[in-house]
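Structure data (compact mmCIF, N, CA and C atoms) from upload-v5.txt:
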# COMPACT_ATOMS: atom_id res chain seq x y z
N MET P 1 86.20 125.23 98.91
CA MET P 1 87.17 126.27 99.27
C MET P 1 88.45 125.61 99.79
N GLN P 2 89.58 126.06 99.28
CA GLN P 2 90.88 125.54 99.70
C GLN P 2 91.28 126.17 101.03
N LEU P 3 91.61 125.33 102.01
CA LEU P 3 92.05 125.82 103.30
C LEU P 3 93.51 126.24 103.23
N ALA P 4 93.84 127.34 103.91
CA ALA P 4 95.24 127.76 104.00
C ALA P 4 95.97 126.80 104.93
N THR P 5 97.22 126.51 104.59
CA THR P 5 98.02 125.58 105.40
C THR P 5 98.90 126.38 106.36
N THR P 6 98.80 126.06 107.64
CA THR P 6 99.61 126.70 108.68
C THR P 6 100.73 125.74 109.07
N GLN P 7 101.95 126.25 109.17
CA GLN P 7 103.09 125.45 109.59
C GLN P 7 103.10 125.35 111.12
N LYS P 8 103.17 124.14 111.62
CA LYS P 8 103.16 123.88 113.07
C LYS P 8 104.36 123.01 113.43
N VAL P 9 104.78 123.09 114.69
CA VAL P 9 105.81 122.22 115.24
C VAL P 9 105.25 121.51 116.47
N LEU P 10 105.65 120.25 116.66
CA LEU P 10 105.26 119.47 117.83
C LEU P 10 106.51 118.89 118.46
N ALA P 11 106.56 118.89 119.79
CA ALA P 11 107.75 118.45 120.51
C ALA P 11 107.46 117.21 121.34
N TYR P 12 108.12 116.13 121.01
CA TYR P 12 108.14 114.94 121.86
C TYR P 12 109.37 115.08 122.75
N ILE P 13 109.17 115.49 123.98
CA ILE P 13 110.28 115.69 124.92
C ILE P 13 110.39 114.44 125.79
N THR P 14 111.56 113.83 125.80
CA THR P 14 111.74 112.61 126.57
C THR P 14 112.71 112.82 127.72
N ARG P 15 112.44 112.04 128.77
CA ARG P 15 113.31 111.94 129.95
C ARG P 15 113.46 110.44 130.17
N GLY P 16 114.55 109.89 129.62
CA GLY P 16 114.69 108.44 129.65
C GLY P 16 113.60 107.83 128.80
N ASP P 17 112.79 106.95 129.39
CA ASP P 17 111.70 106.28 128.68
C ASP P 17 110.36 106.96 128.91
N GLU P 18 110.38 108.22 129.33
CA GLU P 18 109.15 108.97 129.60
C GLU P 18 108.97 110.10 128.60
N LEU P 19 107.71 110.43 128.35
CA LEU P 19 107.33 111.51 127.45
C LEU P 19 106.62 112.60 128.25
N LEU P 20 106.98 113.85 127.98
CA LEU P 20 106.32 114.98 128.64
C LEU P 20 105.01 115.30 127.93
N VAL P 21 103.93 115.33 128.69
CA VAL P 21 102.61 115.65 128.16
C VAL P 21 101.92 116.64 129.10
N PHE P 22 100.80 117.19 128.65
CA PHE P 22 100.05 118.09 129.52
C PHE P 22 98.56 118.01 129.21
N ARG P 23 97.81 118.51 130.17
CA ARG P 23 96.37 118.74 130.01
C ARG P 23 96.11 120.23 130.25
N HIS P 24 95.14 120.78 129.52
CA HIS P 24 94.67 122.14 129.81
C HIS P 24 93.87 122.05 131.10
N ARG P 25 94.33 122.70 132.14
CA ARG P 25 93.64 122.63 133.42
C ARG P 25 92.18 123.05 133.32
N ASP P 26 91.91 124.10 132.55
CA ASP P 26 90.56 124.64 132.47
C ASP P 26 89.74 124.10 131.30
N PHE P 27 90.37 123.30 130.45
CA PHE P 27 89.70 122.72 129.29
C PHE P 27 90.07 121.24 129.16
N PRO P 28 89.64 120.41 130.13
CA PRO P 28 90.04 118.99 130.11
C PRO P 28 89.58 118.26 128.86
N GLU P 29 88.53 118.77 128.20
CA GLU P 29 88.05 118.12 126.98
C GLU P 29 89.07 118.21 125.84
N ALA P 30 90.08 119.05 125.98
CA ALA P 30 91.12 119.17 124.95
C ALA P 30 92.04 117.94 124.92
N GLY P 31 91.99 117.11 125.95
CA GLY P 31 92.76 115.88 125.96
C GLY P 31 94.22 116.07 126.33
N VAL P 32 94.95 114.97 126.28
CA VAL P 32 96.38 114.96 126.59
C VAL P 32 97.13 115.40 125.34
N GLN P 33 98.09 116.31 125.53
CA GLN P 33 98.82 116.88 124.39
C GLN P 33 100.31 116.98 124.69
N VAL P 34 101.07 117.31 123.65
CA VAL P 34 102.48 117.63 123.78
C VAL P 34 102.66 119.10 123.40
N PRO P 35 103.75 119.73 123.83
CA PRO P 35 103.98 121.12 123.44
C PRO P 35 104.00 121.26 121.91
N ALA P 36 103.31 122.28 121.43
CA ALA P 36 103.19 122.50 119.98
C ALA P 36 102.80 123.94 119.72
N GLY P 37 102.97 124.36 118.50
CA GLY P 37 102.54 125.71 118.16
C GLY P 37 102.87 126.08 116.74
N THR P 38 102.55 127.32 116.42
CA THR P 38 102.68 127.84 115.06
C THR P 38 104.08 128.40 114.82
N VAL P 39 104.60 128.12 113.63
CA VAL P 39 105.88 128.68 113.19
C VAL P 39 105.62 130.13 112.77
N GLU P 40 106.38 131.04 113.34
CA GLU P 40 106.20 132.45 113.01
C GLU P 40 106.92 132.77 111.70
N GLU P 41 106.45 133.83 111.04
CA GLU P 41 107.03 134.24 109.76
C GLU P 41 108.53 134.49 109.91
N GLY P 42 109.32 133.90 109.01
CA GLY P 42 110.77 134.07 109.03
C GLY P 42 111.49 133.20 110.04
N GLU P 43 110.78 132.39 110.79
CA GLU P 43 111.37 131.55 111.83
C GLU P 43 111.70 130.17 111.26
N THR P 44 112.84 129.62 111.65
CA THR P 44 113.17 128.26 111.25
C THR P 44 112.36 127.28 112.09
N LEU P 45 112.21 126.07 111.59
CA LEU P 45 111.48 125.05 112.34
C LEU P 45 112.17 124.76 113.67
N ASP P 46 113.49 124.64 113.66
CA ASP P 46 114.23 124.37 114.90
C ASP P 46 113.99 125.48 115.92
N ALA P 47 114.08 126.73 115.48
CA ALA P 47 113.86 127.86 116.40
C ALA P 47 112.42 127.85 116.92
N ALA P 48 111.47 127.50 116.05
CA ALA P 48 110.07 127.49 116.45
C ALA P 48 109.80 126.44 117.52
N VAL P 49 110.35 125.24 117.36
CA VAL P 49 110.08 124.19 118.34
C VAL P 49 110.69 124.54 119.69
N LEU P 50 111.89 125.12 119.68
CA LEU P 50 112.51 125.51 120.95
C LEU P 50 111.72 126.64 121.62
N ARG P 51 111.27 127.61 120.84
CA ARG P 51 110.48 128.71 121.39
C ARG P 51 109.17 128.19 121.99
N GLU P 52 108.48 127.33 121.24
CA GLU P 52 107.21 126.79 121.73
C GLU P 52 107.41 125.97 123.01
N VAL P 53 108.47 125.17 123.06
CA VAL P 53 108.74 124.40 124.27
C VAL P 53 108.92 125.33 125.46
N HIS P 54 109.70 126.37 125.28
CA HIS P 54 109.93 127.32 126.38
C HIS P 54 108.63 128.02 126.78
N GLU P 55 107.87 128.52 125.80
CA GLU P 55 106.64 129.26 126.10
C GLU P 55 105.60 128.37 126.79
N GLU P 56 105.45 127.14 126.31
CA GLU P 56 104.39 126.29 126.84
C GLU P 56 104.75 125.57 128.13
N THR P 57 106.04 125.23 128.32
CA THR P 57 106.43 124.46 129.50
C THR P 57 107.06 125.32 130.59
N GLY P 58 107.67 126.44 130.21
CA GLY P 58 108.43 127.24 131.16
C GLY P 58 109.85 126.74 131.34
N LEU P 59 110.20 125.62 130.68
CA LEU P 59 111.56 125.10 130.79
C LEU P 59 112.52 126.05 130.07
N PRO P 60 113.70 126.28 130.64
CA PRO P 60 114.68 127.11 129.93
C PRO P 60 115.19 126.39 128.68
N LEU P 61 115.61 127.15 127.70
CA LEU P 61 116.12 126.55 126.46
C LEU P 61 117.27 125.60 126.72
N SER P 62 118.04 125.86 127.76
CA SER P 62 119.19 125.00 128.08
C SER P 62 118.75 123.65 128.66
N ALA P 63 117.47 123.48 128.95
CA ALA P 63 116.98 122.24 129.57
C ALA P 63 116.60 121.17 128.55
N VAL P 64 116.63 121.53 127.27
CA VAL P 64 116.28 120.56 126.23
C VAL P 64 117.29 120.62 125.09
N HIS P 65 117.39 119.50 124.40
CA HIS P 65 118.29 119.40 123.24
C HIS P 65 117.53 118.73 122.11
N ILE P 66 117.59 119.29 120.93
CA ILE P 66 116.95 118.66 119.77
C ILE P 66 117.74 117.41 119.40
N GLU P 67 117.08 116.27 119.50
CA GLU P 67 117.69 114.98 119.12
C GLU P 67 117.50 114.71 117.64
N ALA P 68 116.27 114.95 117.14
CA ALA P 68 116.01 114.61 115.74
C ALA P 68 114.74 115.28 115.24
N TYR P 69 114.75 115.57 113.96
CA TYR P 69 113.54 115.94 113.25
C TYR P 69 112.94 114.63 112.78
N LEU P 70 111.70 114.35 113.15
CA LEU P 70 111.11 113.04 112.88
C LEU P 70 110.30 112.99 111.59
N GLY P 71 109.94 114.15 111.04
CA GLY P 71 109.15 114.18 109.82
C GLY P 71 107.95 115.08 109.97
N HIS P 72 107.11 115.08 108.93
CA HIS P 72 105.93 115.93 108.98
C HIS P 72 104.72 115.17 108.45
N ARG P 73 103.57 115.63 108.86
CA ARG P 73 102.29 115.06 108.46
C ARG P 73 101.29 116.20 108.26
N LEU P 74 100.47 116.06 107.23
CA LEU P 74 99.40 117.02 107.02
C LEU P 74 98.21 116.61 107.89
N TRP P 75 97.65 117.55 108.60
CA TRP P 75 96.49 117.30 109.48
C TRP P 75 95.40 118.29 109.12
N GLU P 76 94.21 117.79 108.86
CA GLU P 76 93.08 118.64 108.51
C GLU P 76 91.88 118.34 109.39
N ALA P 77 91.30 119.39 109.92
CA ALA P 77 90.05 119.33 110.66
C ALA P 77 89.42 120.70 110.48
N GLU P 78 88.47 120.78 109.54
CA GLU P 78 87.91 122.10 109.20
C GLU P 78 87.58 122.90 110.44
N PRO P 79 87.97 124.14 110.48
CA PRO P 79 88.52 124.96 109.41
C PRO P 79 90.05 125.00 109.39
N TYR P 80 90.70 124.00 109.93
CA TYR P 80 92.16 124.02 110.07
C TYR P 80 92.83 123.06 109.09
N ARG P 81 93.99 123.47 108.61
CA ARG P 81 94.86 122.61 107.80
C ARG P 81 96.29 122.92 108.24
N HIS P 82 96.93 121.95 108.88
CA HIS P 82 98.27 122.14 109.44
C HIS P 82 99.27 121.20 108.79
N ASP P 83 100.44 121.74 108.46
CA ASP P 83 101.59 120.92 108.10
C ASP P 83 102.40 120.81 109.39
N ARG P 84 102.29 119.66 110.05
CA ARG P 84 102.89 119.46 111.37
C ARG P 84 104.28 118.86 111.25
N HIS P 85 105.24 119.53 111.87
CA HIS P 85 106.63 119.08 111.89
C HIS P 85 106.93 118.54 113.29
N PHE P 86 107.28 117.26 113.35
CA PHE P 86 107.48 116.56 114.61
C PHE P 86 108.97 116.50 114.96
N TYR P 87 109.27 116.79 116.23
CA TYR P 87 110.64 116.77 116.73
C TYR P 87 110.73 115.88 117.97
N HIS P 88 111.91 115.26 118.12
CA HIS P 88 112.25 114.58 119.37
C HIS P 88 113.26 115.46 120.08
N LEU P 89 112.93 115.87 121.30
CA LEU P 89 113.85 116.63 122.15
C LEU P 89 114.12 115.82 123.40
N ARG P 90 115.34 115.91 123.88
CA ARG P 90 115.73 115.20 125.11
C ARG P 90 115.91 116.22 126.22
N LEU P 91 115.37 115.89 127.40
CA LEU P 91 115.57 116.73 128.59
C LEU P 91 117.03 116.62 129.01
N THR P 92 117.69 117.75 129.23
CA THR P 92 119.10 117.75 129.60
C THR P 92 119.33 118.34 130.99
N ALA P 93 118.25 118.61 131.71
CA ALA P 93 118.34 119.18 133.06
C ALA P 93 117.32 118.48 133.94
N VAL P 94 117.35 118.81 135.20
CA VAL P 94 116.37 118.25 136.13
C VAL P 94 115.04 118.99 135.94
N ALA P 95 113.97 118.21 135.90
CA ALA P 95 112.62 118.80 135.82
C ALA P 95 111.74 118.04 136.80
N PRO P 96 110.76 118.72 137.37
CA PRO P 96 109.86 118.04 138.31
C PRO P 96 109.03 116.96 137.62
N ASP P 97 108.43 116.09 138.41
CA ASP P 97 107.55 115.06 137.86
C ASP P 97 106.24 115.64 137.37
N THR P 98 105.78 116.71 138.01
CA THR P 98 104.56 117.41 137.59
C THR P 98 104.76 118.90 137.86
N TRP P 99 104.11 119.74 137.08
CA TRP P 99 104.11 121.17 137.35
C TRP P 99 103.00 121.84 136.54
N LEU P 100 102.64 123.04 136.99
CA LEU P 100 101.64 123.87 136.34
C LEU P 100 102.35 125.07 135.75
N HIS P 101 102.07 125.35 134.48
CA HIS P 101 102.67 126.51 133.82
C HIS P 101 101.57 127.30 133.11
N TYR P 102 101.69 128.62 133.17
CA TYR P 102 100.72 129.50 132.52
C TYR P 102 101.34 130.09 131.27
N GLU P 103 100.65 129.91 130.14
CA GLU P 103 101.14 130.47 128.89
C GLU P 103 100.21 131.58 128.44
N LEU P 104 100.79 132.68 127.99
CA LEU P 104 100.03 133.77 127.38
C LEU P 104 100.13 133.62 125.87
N HIS P 105 98.99 133.62 125.20
CA HIS P 105 98.98 133.58 123.73
C HIS P 105 98.73 134.99 123.22
N ALA P 106 99.63 135.48 122.41
CA ALA P 106 99.46 136.81 121.85
C ALA P 106 98.18 136.87 121.02
N GLY P 107 97.29 137.77 121.38
CA GLY P 107 96.09 137.99 120.60
C GLY P 107 94.97 136.99 120.80
N THR P 108 95.17 135.96 121.61
CA THR P 108 94.11 134.96 121.79
C THR P 108 93.67 134.81 123.23
N GLY P 109 94.05 135.74 124.07
CA GLY P 109 93.63 135.66 125.46
C GLY P 109 94.62 134.91 126.31
N GLY P 110 94.11 134.41 127.41
CA GLY P 110 94.98 133.71 128.33
C GLY P 110 95.03 134.47 129.63
N PRO P 111 95.80 134.07 130.57
CA PRO P 111 96.75 132.95 130.44
C PRO P 111 96.04 131.60 130.45
N PHE P 112 96.71 130.62 129.83
CA PHE P 112 96.22 129.26 129.80
C PHE P 112 97.06 128.42 130.76
N ALA P 113 96.39 127.67 131.62
CA ALA P 113 97.08 126.84 132.61
C ALA P 113 97.28 125.43 132.05
N PHE P 114 98.54 125.02 131.96
CA PHE P 114 98.89 123.69 131.46
C PHE P 114 99.43 122.87 132.62
N SER P 115 98.85 121.69 132.84
CA SER P 115 99.31 120.77 133.89
C SER P 115 100.21 119.72 133.24
N PHE P 116 101.50 119.80 133.50
CA PHE P 116 102.48 118.90 132.88
C PHE P 116 102.75 117.69 133.75
N PHE P 117 103.01 116.57 133.09
CA PHE P 117 103.39 115.33 133.77
C PHE P 117 104.09 114.42 132.76
N TRP P 118 104.75 113.41 133.28
CA TRP P 118 105.49 112.45 132.46
C TRP P 118 104.71 111.15 132.37
N VAL P 119 104.73 110.52 131.20
CA VAL P 119 104.10 109.21 131.00
C VAL P 119 105.12 108.27 130.37
N GLU P 120 104.96 106.99 130.62
CA GLU P 120 105.84 105.99 130.02
C GLU P 120 105.57 105.92 128.51
N LEU P 121 106.64 105.95 127.72
CA LEU P 121 106.49 105.85 126.27
C LEU P 121 105.82 104.56 125.83
N ASN P 122 106.06 103.48 126.58
CA ASN P 122 105.50 102.19 126.18
C ASN P 122 104.14 101.92 126.81
N ASP P 123 103.51 102.93 127.39
CA ASP P 123 102.18 102.77 127.99
C ASP P 123 101.17 102.55 126.86
N PRO P 124 100.54 101.37 126.80
CA PRO P 124 99.61 101.10 125.70
C PRO P 124 98.37 101.99 125.71
N SER P 125 98.09 102.65 126.82
CA SER P 125 96.92 103.52 126.88
C SER P 125 97.24 104.96 126.47
N LEU P 126 98.52 105.23 126.16
CA LEU P 126 98.92 106.59 125.78
C LEU P 126 98.29 106.96 124.44
N GLN P 127 97.47 107.98 124.46
CA GLN P 127 96.85 108.49 123.25
C GLN P 127 96.82 110.00 123.35
N LEU P 128 97.36 110.67 122.34
CA LEU P 128 97.40 112.12 122.34
C LEU P 128 96.26 112.68 121.50
N ALA P 129 95.76 113.82 121.91
CA ALA P 129 94.64 114.47 121.23
C ALA P 129 95.02 114.92 119.83
N GLY P 130 94.04 114.97 118.96
CA GLY P 130 94.23 115.55 117.63
C GLY P 130 95.31 114.90 116.80
N GLU P 131 95.50 113.61 116.98
CA GLU P 131 96.51 112.86 116.22
C GLU P 131 97.94 113.36 116.43
N GLN P 132 98.19 113.96 117.60
CA GLN P 132 99.55 114.40 117.90
C GLN P 132 100.50 113.22 118.08
N ASP P 133 99.96 112.03 118.22
CA ASP P 133 100.81 110.84 118.39
C ASP P 133 101.19 110.18 117.07
N ALA P 134 100.97 110.88 115.94
CA ALA P 134 101.18 110.29 114.62
C ALA P 134 102.58 109.71 114.41
N LEU P 135 103.61 110.32 114.97
CA LEU P 135 104.98 109.84 114.79
C LEU P 135 105.62 109.37 116.08
N LEU P 136 104.81 109.18 117.10
CA LEU P 136 105.32 108.73 118.39
C LEU P 136 106.01 107.36 118.28
N TRP P 137 105.56 106.55 117.35
CA TRP P 137 106.15 105.23 117.16
C TRP P 137 107.64 105.29 116.84
N LYS P 138 108.10 106.43 116.31
CA LYS P 138 109.52 106.56 115.97
C LYS P 138 110.40 106.63 117.22
N LEU P 139 109.80 106.85 118.40
CA LEU P 139 110.56 106.91 119.64
C LEU P 139 110.57 105.57 120.36
N GLN P 140 109.72 104.64 119.95
CA GLN P 140 109.56 103.39 120.70
C GLN P 140 110.36 102.26 120.09
Could I get this structure in the form of structure tokens?
Amino acid sequence: MQLATTQKVLAYITRGDELLVFRHRDFPEAGVQVPAGTVEEGETLDAAVLREVHEETGLPLSAVHIEAYLGHRLWEAEPYRHDRHFYHLRLTAVAPDTWLHYELHAGTGGPFAFSFFWVELNDPSLQLAGEQDALLWKLQ
């Protein structure tokens, strides 16, 4: 059976030499991740990444700037098939070193508590869940 492909966006948000990541407070087994989500029907990729960043982090849209579209990769893990579009965004405002943000997912429950923190881009132990680090090398 052919899996349907869902369009996704992933945001590598940097503050100098640091990358913004999070853990699901209530689901630590989900691993360390970056803000990401599904592109809505009729939405551009740029609009989708900015919306997802705002929804997942709570940062205002004015706090980030799209630096570059880094490319895309197909990711499959049954029953999912995602065409992931990776972006580099730069923080343009002051943000705390750590914070907790609650995101509501339409139709999937919630709220989900995300614990955000910054990590060094050159940290050799940095590994993101679900191959979200596929294009991280483009920032280093």
(Q) I need the strand (DSSP E) residues of region 32-110 of chain P per DSSP on the backbone, written as a ChimeraX atom specification. (A) /P:36-38,64-77,80-91,98-105,109-110
**Q.** Interatomic distance (Å, one decimal) between CA of Ile66 (chain P) and atom C of Asp17 (chain P)
**A.** 16.2 Å
Q. Contacts of region 76-81 of chain P at 6.5 Å or less, counting all atoms listed in the file, minus same-chain residues fewer than 4 places along, as a list in words?
A.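 Within the cut-off, the hits are Leu3, Ala4, Thr5 and Thr6 of chain P.
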Give me the residues within 6.5 Å of Val119 (chain P) as a PDB file with N, CA and C atoms, in the coordinates of the input, counting only N, CA and C atoms and dropping any in the same chain fewer than 4 places off.
ATOM      1  N   ASP P  17     112.790 106.950 129.390  1.00  0.00           N
ATOM      2  CA  ASP P  17     111.700 106.280 128.680  1.00  0.00           C
ATOM      3  C   ASP P  17     110.360 106.960 128.910  1.00  0.00           C
ATOM      4  N   GLU P  18     110.380 108.220 129.330  1.00  0.00           N
ATOM      5  CA  GLU P  18     109.150 108.970 129.600  1.00  0.00           C
ATOM      6  C   GLU P  18     108.970 110.100 128.600  1.00  0.00           C
ATOM      7  N   LEU P  19     107.710 110.430 128.350  1.00  0.00           N
ATOM      8  CA  LEU P  19     107.330 111.510 127.450  1.00  0.00           C
ATOM      9  C   LEU P  19     106.620 112.600 128.250  1.00  0.00           C
ATOM     10  N   LEU P  20     106.980 113.850 127.980  1.00  0.00           N
ATOM     11  CA  LEU P  20     106.320 114.980 128.640  1.00  0.00           C
ATOM     12  C   LEU P  20     105.010 115.300 127.930  1.00  0.00           C
ATOM     13  N   VAL P  21     103.930 115.330 128.690  1.00  0.00           N
ATOM     14  CA  VAL P  21     102.610 115.650 128.160  1.00  0.00           C
ATOM     15  C   VAL P  21     101.920 116.640 129.100  1.00  0.00           C
ATOM     16  N   ASP P 123     103.510 102.930 127.390  1.00  0.00           N
ATOM     17  CA  ASP P 123     102.180 102.770 127.990  1.00  0.00           C
ATOM     18  C   ASP P 123     101.170 102.550 126.860  1.00  0.00           C
TER      19      ASP P 123
END
Enclose region 12-25 of chain P, meaning all of its atoms listed in the file, in a box aligned along x, y and z, pad it by 8 Å on each side, and list the centre and edge lengths in Å to one decimal, as AutoDock Vina command-line options.
--center_x 103.4 --center_y 114.7 --center_z 127.2 --size_x 38.5 --size_y 32.8 --size_z 28.4
**Q.** Shell around region 59-65 of chain P at 8 Å using all atoms listed in the file, local window under 6 positions removed, as a list in words
**A.**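 The neighbour list is Ile13, Leu50, Arg51, Val53, His88, Leu89, Arg90, Leu91, Thr92, Ala93 and Val94 of chain P.
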Dump of N, CA and C atoms for the selected residues, as a compact mmCIF listing (two decimals), in the frame of the given file:
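Below is the file that was written, out30.txt:
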# COMPACT_ATOMS: atom_id res chain seq x y z
N ILE P 13 109.17 115.49 123.98
CA ILE P 13 110.28 115.69 124.92
C ILE P 13 110.39 114.44 125.79
N LEU P 50 111.89 125.12 119.68
CA LEU P 50 112.51 125.51 120.95
C LEU P 50 111.72 126.64 121.62
N ARG P 51 111.27 127.61 120.84
CA ARG P 51 110.48 128.71 121.39
C ARG P 51 109.17 128.19 121.99
N VAL P 53 108.47 125.17 123.06
CA VAL P 53 108.74 124.40 124.27
C VAL P 53 108.92 125.33 125.46
N HIS P 88 111.91 115.26 118.12
CA HIS P 88 112.25 114.58 119.37
C HIS P 88 113.26 115.46 120.08
N LEU P 89 112.93 115.87 121.30
CA LEU P 89 113.85 116.63 122.15
C LEU P 89 114.12 115.82 123.40
N ARG P 90 115.34 115.91 123.88
CA ARG P 90 115.73 115.20 125.11
C ARG P 90 115.91 116.22 126.22
N LEU P 91 115.37 115.89 127.40
CA LEU P 91 115.57 116.73 128.59
C LEU P 91 117.03 116.62 129.01
N THR P 92 117.69 117.75 129.23
CA THR P 92 119.10 117.75 129.60
C THR P 92 119.33 118.34 130.99
N ALA P 93 118.25 118.61 131.71
CA ALA P 93 118.34 119.18 133.06
C ALA P 93 117.32 118.48 133.94
N VAL P 94 117.35 118.81 135.20
CA VAL P 94 116.37 118.25 136.13
C VAL P 94 115.04 118.99 135.94
Q | Å distance separating CA of Ala48 (chain P) from atom N of Ser115 (chain P), one decimal place | A | 20.7 Å
Q. Counting all atoms listed in the file, which residues come within 7 Å of (100.1, 123.6, 112.8), with the point read in the file's coordinates, and could you list them as a ChimeraX atom specification?
A. /P:6-9,37-39,81-85
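Across chain P, DSSP run on the backbone finds alpha helix (DSSP H) at Leu45, Asp46, Ala47, Ala48, Val49, Leu50, Arg51, Glu52, Val53, His54, Glu55, Glu56 and Thr57 of chain P.
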Let me see the file: selected residues, N, CA and C atoms, as an mmCIF file, keeping the file's coordinate frame.
data_model
loop_
_atom_site.group_PDB
_atom_site.id
_atom_site.type_symbol
_atom_site.label_atom_id
_atom_site.label_comp_id
_atom_site.auth_asym_id
_atom_site.auth_seq_id
_atom_site.Cartn_x
_atom_site.Cartn_y
_atom_site.Cartn_z
ATOM 1 N N LEU P 45 112.210 126.070 111.590
ATOM 2 C CA LEU P 45 111.480 125.050 112.340
ATOM 3 C C LEU P 45 112.170 124.760 113.670
ATOM 4 N N ASP P 46 113.490 124.640 113.660
ATOM 5 C CA ASP P 46 114.230 124.370 114.900
ATOM 6 C C ASP P 46 113.990 125.480 115.920
ATOM 7 N N ALA P 47 114.080 126.730 115.480
ATOM 8 C CA ALA P 47 113.860 127.860 116.400
ATOM 9 C C ALA P 47 112.420 127.850 116.920
ATOM 10 N N ALA P 48 111.470 127.500 116.050
ATOM 11 C CA ALA P 48 110.070 127.490 116.450
ATOM 12 C C ALA P 48 109.800 126.440 117.520
ATOM 13 N N VAL P 49 110.350 125.240 117.360
ATOM 14 C CA VAL P 49 110.080 124.190 118.340
ATOM 15 C C VAL P 49 110.690 124.540 119.690
ATOM 16 N N LEU P 50 111.890 125.120 119.680
ATOM 17 C CA LEU P 50 112.510 125.510 120.950
ATOM 18 C C LEU P 50 111.720 126.640 121.620
ATOM 19 N N ARG P 51 111.270 127.610 120.840
ATOM 20 C CA ARG P 51 110.480 128.710 121.390
ATOM 21 C C ARG P 51 109.170 128.190 121.990
ATOM 22 N N GLU P 52 108.480 127.330 121.240
ATOM 23 C CA GLU P 52 107.210 126.790 121.730
ATOM 24 C C GLU P 52 107.410 125.970 123.010
ATOM 25 N N VAL P 53 108.470 125.170 123.060
ATOM 26 C CA VAL P 53 108.740 124.400 124.270
ATOM 27 C C VAL P 53 108.920 125.330 125.460
ATOM 28 N N HIS P 54 109.700 126.370 125.280
ATOM 29 C CA HIS P 54 109.930 127.320 126.380
ATOM 30 C C HIS P 54 108.630 128.020 126.780
ATOM 31 N N GLU P 55 107.870 128.520 125.800
ATOM 32 C CA GLU P 55 106.640 129.260 126.100
ATOM 33 C C GLU P 55 105.600 128.370 126.790
ATOM 34 N N GLU P 56 105.450 127.140 126.310
ATOM 35 C CA GLU P 56 104.390 126.290 126.840
ATOM 36 C C GLU P 56 104.750 125.570 128.130
ATOM 37 N N THR P 57 106.040 125.230 128.320
ATOM 38 C CA THR P 57 106.430 124.460 129.500
ATOM 39 C C THR P 57 107.060 125.320 130.590
#
Q.
Which residues are near Gln127 (chain P)? Cut-off 6.5 Å, all atoms listed in the file, ignore same chain within fewer than 3 positions. Put them as number ranges by chain.
A. P: 32, 124, 133
Q. Could you pull the residues within 10 Å of Gly58 (chain P), counting only C-alpha atoms, minus those fewer than 2 positions along the same chain, as a list in words?
A.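 Counting only C-alpha atoms, the residues come to Glu52, Val53, His54, Glu55, Glu56, Pro60, Leu61, Trp99, Leu100, His101, Tyr102 and Glu103 of chain P.
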Now that the selection is made, can you save its residues with N, CA and C atoms as a compact mmCIF listing (two decimals), in the frame of the given file?
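Saved result, selection38.txt, follows:
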# COMPACT_ATOMS: atom_id res chain seq x y z
N GLU P 52 108.48 127.33 121.24
CA GLU P 52 107.21 126.79 121.73
C GLU P 52 107.41 125.97 123.01
N VAL P 53 108.47 125.17 123.06
CA VAL P 53 108.74 124.40 124.27
C VAL P 53 108.92 125.33 125.46
N HIS P 54 109.70 126.37 125.28
CA HIS P 54 109.93 127.32 126.38
C HIS P 54 108.63 128.02 126.78
N GLU P 55 107.87 128.52 125.80
CA GLU P 55 106.64 129.26 126.10
C GLU P 55 105.60 128.37 126.79
N GLU P 56 105.45 127.14 126.31
CA GLU P 56 104.39 126.29 126.84
C GLU P 56 104.75 125.57 128.13
N PRO P 60 113.70 126.28 130.64
CA PRO P 60 114.68 127.11 129.93
C PRO P 60 115.19 126.39 128.68
N LEU P 61 115.61 127.15 127.70
CA LEU P 61 116.12 126.55 126.46
C LEU P 61 117.27 125.60 126.72
N TRP P 99 104.11 119.74 137.08
CA TRP P 99 104.11 121.17 137.35
C TRP P 99 103.00 121.84 136.54
N LEU P 100 102.64 123.04 136.99
CA LEU P 100 101.64 123.87 136.34
C LEU P 100 102.35 125.07 135.75
N HIS P 101 102.07 125.35 134.48
CA HIS P 101 102.67 126.51 133.82
C HIS P 101 101.57 127.30 133.11
N TYR P 102 101.69 128.62 133.17
CA TYR P 102 100.72 129.50 132.52
C TYR P 102 101.34 130.09 131.27
N GLU P 103 100.65 129.91 130.14
CA GLU P 103 101.14 130.47 128.89
C GLU P 103 100.21 131.58 128.44
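For the choices P:Glu43, P:Tyr87, P:Asp97, P:Thr57, the atom-to-atom distance to Gly71 (chain P) is smallest for P:Tyr87 when using all atoms listed in the file.
You will find atom N of Leu128 (chain P) at 6.5 Å from atom N of Gln33 (chain P).
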Q. Between P:Arg73, P:Glu40, P:Asn122, P:Phe112, which has the minimum distance to Asp26 (chain P) (counting only N, CA and C atoms)?
A.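 Closest to Asp26 (chain P), using only N, CA and C atoms: P:Phe112.
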Q.
My list of candidates is P:Glu131, P:Leu10, P:Gly16, P:Phe22. Which is closest to Phe114 (chain P) when distances are computed with only N, CA and C atoms?
A. P:Phe22
